[in-house]
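Read through the structure below, which is laid out as structure tokens, and then see the notes.
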Amino acid sequence: MHFNRGNKSDSFLLSLYKRLLYPRMVEEKMLKLLRQGRIGKWFSGIGQEAIAVGSTLAMQSDEYILPMHRNLGVFTSREISLKKLMAQWQGKLTGFTKGRDRSFHFGTQDYKIIGMISHLGPQLALANGIALADVLDEKQKATLVFTGEGATSEGDFHEALNVAAVWNLPVIFLIENNGYGLSTPVEEQFRCKHLVDKALGYGMEGFQIDGNNILEVYDAIDRIAADIRQKPRPVLVECLTFRMRGHEEASGTKYVPQELFDEWEKKDPLSNYEHFLLDQGILTTDVMVDIKIEIKKTIELDVEEAFDEPEPEANLFTELTDMYYPHEQTVSEPTGLKREMRYLDAISNALDLGMEKYPNLVLMGQDIADYGGAFKITEGFSVKYGKSRVRNTPICESAIVGAGLGLSINGYKSVVEMQFADFVSVGFNQIVNNLAKTHYRWGQNADVVVRMPTGAGTGAGPFHSQSNEAWFTKTPGLKIVYPAFPDDAKGLLLAAIEDPNPVIYFEHKYLYRSLTGNVPDGYYTTEIGKAAKLREGNRFVIVTYGLGVHWALDYLKDHPDVSATLIDLRTLQPWDKDTVAAAVEATGRVLILHEDTLTNGFGSEISAWIGEHCFQFLDAPVMRCGSLDTAIPMNRILEDNFLAKARLAETIDKLLKY
């Protein structure tokens with residue numbers, strides 16, 4: 001192995017050695033602890049340390065790095081103490097996740113490291129959002145994100161690289177090609193000769209380097225990072241290396257031919273660098289022994305102290321509240337005059353006011369810039385606020401939601417528009433596993449609003465009409481709002497933008513141009529989590545939201561003799577249990593109405609809660625009225641039959657006759 005020292009000083013080369021040696025010795029200690037049964041799991045990076053150490057030291061200390069689960073050297077090179085890391089691995093209270101996640105599944109703003117989730121590809125998009133924030137702030141910074149050769153087969157890899165290229169983001173995408181995805185060799189994973197060849201398809205530069213040569217890694221990343229800080233653009237780097245242990249220790253290595261181990265053992269990054277330093281006279285055998293003795297002593301002390309760190313306490317209040325970033329909403333009351341406004345225009349007005357109030361707010365979505373979006377809600381915004389803040393995106397929902405989280409990590413807010421709520425399915429993982437869980441896991445807020453044009457009534461068929469709010473209401477960490485009127489549409493959207501937590505904002509596209517109402521001018525917010533009582537009656541209560549509110553209003557208008565309380569939930573997570581409970585107590589009968597399919601719609605949760613907490617007030621079973629348990633048909637006759645409205649009257653009759 002050839003090492004090119006260039007103009008590096010002896011002291012620097014020796015410091016690299018210590019940085020490279022330390023994670024190797026930590027790894028060896030972990031393997032001993034595993035055999036002793038003192039730890040339960042370990043993902044070994046032995047043989048790959050030069051990549052993590054060399055690339056980390058090449059980055060500036062305030063630049064973000066997004067590593068994987070075999071990149072111990074990233075964490076140690078950023079000088080996180082082993083005691084702190086060990087507490088994390090052991091699930092101790094003093095770990096980065098307070099015992100809520102394992103391994104390197106955490107982030108830390110103190111060290112500018114953002115760890116992975118178990119789904120391997122999503123963090124690539126986060127790097128884009130982090131880099132975008134730097135570009136918008138005109139900071140000359142680079143972002144480094146790791147992935148393995150296995151994850152290059154995931155859609156998240158393609159989406160992230162494509163977005164970074166289109167937006168000229170200063171991201172280094174580093175592939176650790178260690179030959180195997182768990183047990184699957186590269187020839188069963190992809191057909192291109194080299195992964196670096198993929199760079200050409202994205203219009204970016206690509207470099208293949210020896211990942212076991214710490215000087216080559218350091219020099220390559222140092223050169224690339226310096227270049228893209230000045231001229232922002234993404235670069236793909238393929239590091240050739242080998243995993244000398246199993247995917248994790250329980251997996252073993254029987255699937256790997258012995259000749260591969262023999263070949264790569266000769267390329268060991270540590271032993272080769274040691275020989276180089278010895279040959280150069282920079283290191284002596286005695287000094288090497290002294291360094292190892294000192295490191296071993298430090299490791300032993302930190303490990304044993306970490307075992308004595310306190311365990312987390314199972315506190316119900318803490319666990320529930322930590323799902324969300326602390327935020328006590330201060331409702332801004334309307335002060336301006338009211339004017340007639342369409343539902344669609346109220347949403348547009350809210351976005352406009354949000355962009356004015358928050359210079360760090362970025363809008364992202366397909367066709368939202370010059371074209372104004374599929375429904376023209378952001379028409380004119382790109383002229384007023386510029387295309388840097390009103391960003392057209394490629395068709396890649398996962399990458400854009402992930403970029404929203406990256407923006408939040410680096411101090412920005414974002415509103416991501418799904419062209420139709422149905423299309424969120426291809427961004428689902430980023431929402432339910434990244435946005436929703438990030439604060440609970442390591443205390444980072446996810447300041448992202450996802451706009452969801454939803455619902456039926458327009459004859460748009462199975463892929464443009466779904467009511468999919470129940471996909472998200474069961475996911476802790478998300479807030480879900482669903483306004484039924486223009487004034488609430490404006491107030492709730494502004495409240496969602498204010499809120500530092502992830503908010504899924506459902507807006508019914510049937511109401512866009514068909515519904516108008518008096519909407520206050522100026523900035524105001526509506527309380528998230530507070531229902532609205534629209535009618536007061538004594539025979540029963542209708543609990544509903546979205547288009548269901550208007551179905552209920554139409555029914556009550558056509559049946560003036562029916563005395564009913566009507567509650568518009570407005571927010572589905574958290575939902576207003578107190579208002580619902582009071583109405584149940586006052587009336588004794590409950591009808592839950594929603595546009596979603598009946599089975600497992602959100603009404604099921606409301607019904608179960610009422611049955612559990614308000615049973616003593618009920619004079620009849622809680623009844624639900626939902627849409628058919630089928631996909632949504634396109635034909636208007638079939639669609640009308642599908643929707644819950646078709647069965648509303650008969651369900652109310654049944655309830656009142658009970």
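Residue names in the structure tokens use chain letters A, B, ... in the order shown, residue numbers from 1 in each chain, and ligand numbers from 1 in the order shown.
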
Quiz item: Contacts of A:Pro483 at 12 Å or less, counting only C-alpha atoms, minus same-chain residues fewer than 6 places along, as a ChimeraX atom specification?
Solution: /A:343-344,346-347,451-454,489-493,495-496,504-509,511-512,526-532,544-550,568-572

Quiz item: Which polymer residues have any atom within 12 Å of an atom of A:Leu21, counting only C-alpha atoms, with same-chain residues fewer than 6 positions away left out, as a PyMOL selection string?
Solution: chain A and resi 14-15+27-28+46-50+53+72-73+76-77+214+268-274+288-289+291-296+299

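The residue that comes closest to A:Phe3, out of A:Leu260, A:Leu277, A:Ile221, A:Ala160 and on the basis of only C-alpha atoms, is A:Leu277.
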
Quiz prompt | Separation of atom CA of A:Gly201 from atom CA of A:Ser153 in Å | solution = 14.4 Å

Quiz prompt | Exercise: A:Ile282 partners within 9 Å, only C-alpha atoms, chain neighbours under 2 positions left out, as a list in words | solution = Asp10, Ser11, Leu13, Leu14, Phe276, Leu277, Leu278, Asp279, Gln280 and Thr284 of chain A

Practice problem: Considering only C-alpha atoms, state which residue in the set A:Gly181, A:Pro462, A:Pro234, A:Gly404 is at the smallest distance from A:Met204. | Solution: A:Pro234

Quiz item: Got a sec to tell me which of stretch 312-460 of chain A DSSP assigns to helix (DSSP H, G or I), as a count of residues only?
Solution: 59

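For the residues A:Gly373, A:Pro185, A:Gly601, A:Gly107, ranking by smallest atom-to-atom distance to A:Glu469 using only C-alpha atoms places A:Gly601 first.
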
Using only C-alpha atoms, what does the table of stretch 124-213 of chain A residues within 12 Å of stretch 407-424 of chain A look like, with each row giving the shortest atom pair and its distance in Å to one decimal, sorted by chain and ascending number, as JSON lines?
{"residue": "A:Ala125", "atom": "CA", "partner": "A:Leu407", "partner_atom": "CA", "distance": 10.2}
{"residue": "A:Leu126", "atom": "CA", "partner": "A:Leu407", "partner_atom": "CA", "distance": 7.7}
{"residue": "A:Ala127", "atom": "CA", "partner": "A:Leu407", "partner_atom": "CA", "distance": 8.9}
{"residue": "A:Asn128", "atom": "CA", "partner": "A:Leu407", "partner_atom": "CA", "distance": 8.2}
{"residue": "A:Gly129", "atom": "CA", "partner": "A:Leu407", "partner_atom": "CA", "distance": 4.5}
{"residue": "A:Ile130", "atom": "CA", "partner": "A:Leu407", "partner_atom": "CA", "distance": 5.2}
{"residue": "A:Ala131", "atom": "CA", "partner": "A:Leu407", "partner_atom": "CA", "distance": 8.0}
{"residue": "A:Leu132", "atom": "CA", "partner": "A:Leu407", "partner_atom": "CA", "distance": 7.0}
{"residue": "A:Ala133", "atom": "CA", "partner": "A:Leu407", "partner_atom": "CA", "distance": 5.7}
{"residue": "A:Asp134", "atom": "CA", "partner": "A:Asn410", "partner_atom": "CA", "distance": 7.8}
{"residue": "A:Val135", "atom": "CA", "partner": "A:Leu407", "partner_atom": "CA", "distance": 10.8}
{"residue": "A:Leu136", "atom": "CA", "partner": "A:Tyr412", "partner_atom": "CA", "distance": 9.7}
{"residue": "A:Asp137", "atom": "CA", "partner": "A:Tyr412", "partner_atom": "CA", "distance": 10.0}
{"residue": "A:Lys139", "atom": "CA", "partner": "A:Asn410", "partner_atom": "CA", "distance": 11.7}
{"residue": "A:Lys141", "atom": "CA", "partner": "A:Asn410", "partner_atom": "CA", "distance": 11.9}
{"residue": "A:Thr143", "atom": "CA", "partner": "A:Asn410", "partner_atom": "CA", "distance": 11.2}

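Among the candidates A:Ala552, A:Ala58, A:Val449, A:Leu618, the one nearest to A:Leu361 when counting only C-alpha atoms is A:Val449.
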
Self-check item: Residues of stretch 139-222 of chain A in strand (DSSP E), written as a PyMOL selection string
Solution: chain A and resi 143-148+171-177+180-181+184-185+205-210

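Taking only C-alpha atoms into account, A:Lys645 lies nearest to A:Ala456 out of the set A:Leu301, A:Ala631, A:Ala456, A:Val256.
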
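Residue nearest A:Arg647 within the list A:Met116, A:Leu553, A:Met634, A:Leu628: A:Leu628 [criterion: smallest interatomic distance, only C-alpha atoms].
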
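Going from atom CA of A:Tyr64 over to atom CA of A:Lys112, you cover 4.8 Å.
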
Skip A:Met59 itself and residues of its chain fewer than 4 positions away, then list as a tab-separated table (two decimals) with N, CA, C and O atoms, in the first residue's frame all residues within 12 Å of it, counting only C-alpha atoms.
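Final file, around.tsv:
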chain	number	residue	atom	x	y	z
A	52	ALA	N	-13.85	6.24	8.02
A	52	ALA	CA	-14.51	7.08	9.01
A	52	ALA	C	-13.56	8.12	9.58
A	52	ALA	O	-13.89	9.31	9.68
A	53	VAL	N	-12.35	7.69	9.94
A	53	VAL	CA	-11.40	8.60	10.58
A	53	VAL	C	-10.88	9.63	9.58
A	53	VAL	O	-10.88	10.84	9.85
A	54	GLY	N	-10.42	9.16	8.43
A	54	GLY	CA	-9.84	10.07	7.45
A	54	GLY	C	-10.82	11.12	6.95
A	54	GLY	O	-10.49	12.31	6.86
A	55	SER	N	-12.05	10.70	6.65
A	55	SER	CA	-13.03	11.64	6.12
A	55	SER	C	-13.49	12.62	7.18
A	55	SER	O	-13.69	13.82	6.91
A	63	GLU	N	-19.07	21.29	10.48
A	63	GLU	CA	-19.79	20.75	9.33
A	63	GLU	C	-20.45	19.43	9.71
A	63	GLU	O	-19.87	18.62	10.44
A	64	TYR	N	-21.64	19.21	9.19
A	64	TYR	CA	-22.40	18.02	9.57
A	64	TYR	C	-21.87	16.77	8.86
A	64	TYR	O	-21.51	16.80	7.68
A	65	ILE	N	-21.85	15.69	9.63
A	65	ILE	CA	-21.53	14.36	9.10
A	65	ILE	C	-22.67	13.43	9.46
A	65	ILE	O	-23.16	13.44	10.60
A	66	LEU	N	-23.09	12.61	8.51
A	66	LEU	CA	-24.19	11.66	8.72
A	66	LEU	C	-23.64	10.25	8.48
A	66	LEU	O	-23.60	9.77	7.35
A	74	VAL	N	-16.02	8.03	13.14
A	74	VAL	CA	-16.59	9.37	13.01
A	74	VAL	C	-16.81	9.96	14.40
A	74	VAL	O	-16.45	11.11	14.68
A	77	SER	N	-13.46	10.48	16.31
A	77	SER	CA	-12.66	11.56	15.73
A	77	SER	C	-13.26	12.93	16.04
A	77	SER	O	-12.54	13.94	16.01
A	78	ARG	N	-14.55	12.96	16.33
A	78	ARG	CA	-15.17	14.20	16.79
A	78	ARG	C	-15.05	14.33	18.31
A	78	ARG	O	-15.67	15.20	18.93
A	112	LYS	N	-22.25	17.89	15.76
A	112	LYS	CA	-22.67	17.99	14.36
A	112	LYS	C	-22.62	16.62	13.66
A	112	LYS	O	-22.12	16.48	12.55
A	113	ILE	N	-23.17	15.63	14.36
A	113	ILE	CA	-23.29	14.28	13.80
A	113	ILE	C	-24.76	13.90	13.81
A	113	ILE	O	-25.44	14.05	14.83
A	141	LYS	N	-19.99	25.85	3.40
A	141	LYS	CA	-19.86	24.61	4.16
A	141	LYS	C	-20.16	23.41	3.27
A	141	LYS	O	-20.90	23.52	2.29
A	142	ALA	N	-19.60	22.28	3.65
A	142	ALA	CA	-19.89	21.01	2.98
A	142	ALA	C	-20.57	20.09	3.98
A	142	ALA	O	-20.42	20.25	5.20
A	143	THR	N	-21.30	19.12	3.47
A	143	THR	CA	-21.94	18.09	4.30
A	143	THR	C	-21.48	16.73	3.81
A	143	THR	O	-21.41	16.50	2.59
A	144	LEU	N	-21.16	15.85	4.73
A	144	LEU	CA	-20.68	14.51	4.39
A	144	LEU	C	-21.70	13.48	4.87
A	144	LEU	O	-22.08	13.48	6.04
A	145	VAL	N	-22.13	12.61	3.95
A	145	VAL	CA	-23.09	11.57	4.33
A	145	VAL	C	-22.60	10.22	3.83
A	145	VAL	O	-22.14	10.08	2.71
A	171	VAL	N	-22.81	18.47	-1.08
A	171	VAL	CA	-22.88	17.23	-0.32
A	171	VAL	C	-21.87	16.23	-0.89
A	171	VAL	O	-21.81	16.04	-2.11
A	172	ILE	N	-21.12	15.60	-0.01
A	172	ILE	CA	-20.26	14.49	-0.40
A	172	ILE	C	-21.00	13.20	-0.05
A	172	ILE	O	-21.25	12.91	1.13
A	217	VAL	N	-7.83	8.69	1.75
A	217	VAL	CA	-9.17	9.12	2.15
A	217	VAL	C	-9.14	10.57	2.61
A	217	VAL	O	-9.95	11.40	2.17
A	218	TYR	N	-8.22	10.87	3.50
A	218	TYR	CA	-8.14	12.24	4.03
A	218	TYR	C	-7.93	13.25	2.90
A	218	TYR	O	-8.62	14.27	2.83
A	219	ASP	N	-6.96	12.98	2.02
A	219	ASP	CA	-6.65	13.93	0.95
A	219	ASP	C	-7.83	14.12	0.01
A	219	ASP	O	-8.13	15.24	-0.42
A	220	ALA	N	-8.51	13.02	-0.34
A	220	ALA	CA	-9.63	13.12	-1.28
A	220	ALA	C	-10.78	13.93	-0.69
A	220	ALA	O	-11.31	14.85	-1.35
A	221	ILE	N	-11.16	13.64	0.54
A	221	ILE	CA	-12.27	14.36	1.16
A	221	ILE	C	-11.88	15.81	1.43
A	221	ILE	O	-12.69	16.74	1.24
A	222	ASP	N	-10.66	16.03	1.85
A	222	ASP	CA	-10.19	17.39	2.10
A	222	ASP	C	-10.24	18.22	0.82
A	222	ASP	O	-10.71	19.37	0.83
A	223	ARG	N	-9.79	17.64	-0.27
A	223	ARG	CA	-9.77	18.35	-1.56
A	223	ARG	C	-11.19	18.63	-2.05
A	223	ARG	O	-11.52	19.74	-2.48
A	224	ILE	N	-12.04	17.61	-1.99
A	224	ILE	CA	-13.41	17.75	-2.49
A	224	ILE	C	-14.19	18.75	-1.65
A	224	ILE	O	-14.90	19.62	-2.18
A	225	ALA	N	-14.07	18.63	-0.33
A	225	ALA	CA	-14.81	19.54	0.56
A	225	ALA	C	-14.40	20.98	0.33
A	225	ALA	O	-15.25	21.89	0.27
A	226	ALA	N	-13.10	21.22	0.21
A	226	ALA	CA	-12.63	22.59	-0.02
A	226	ALA	C	-13.19	23.14	-1.33
A	226	ALA	O	-13.55	24.33	-1.41
A	228	ILE	N	-16.05	22.16	-3.02
A	228	ILE	CA	-17.50	22.39	-3.08
A	228	ILE	C	-17.96	23.45	-2.09
A	228	ILE	O	-19.08	23.95	-2.20
A	229	ARG	N	-17.12	23.80	-1.12
A	229	ARG	CA	-17.46	24.96	-0.29
A	229	ARG	C	-17.46	26.23	-1.13
A	229	ARG	O	-18.28	27.13	-0.93

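The space separating atom CA of A:Trp442 from atom CA of A:Ile480 comes to 22.0 Å.
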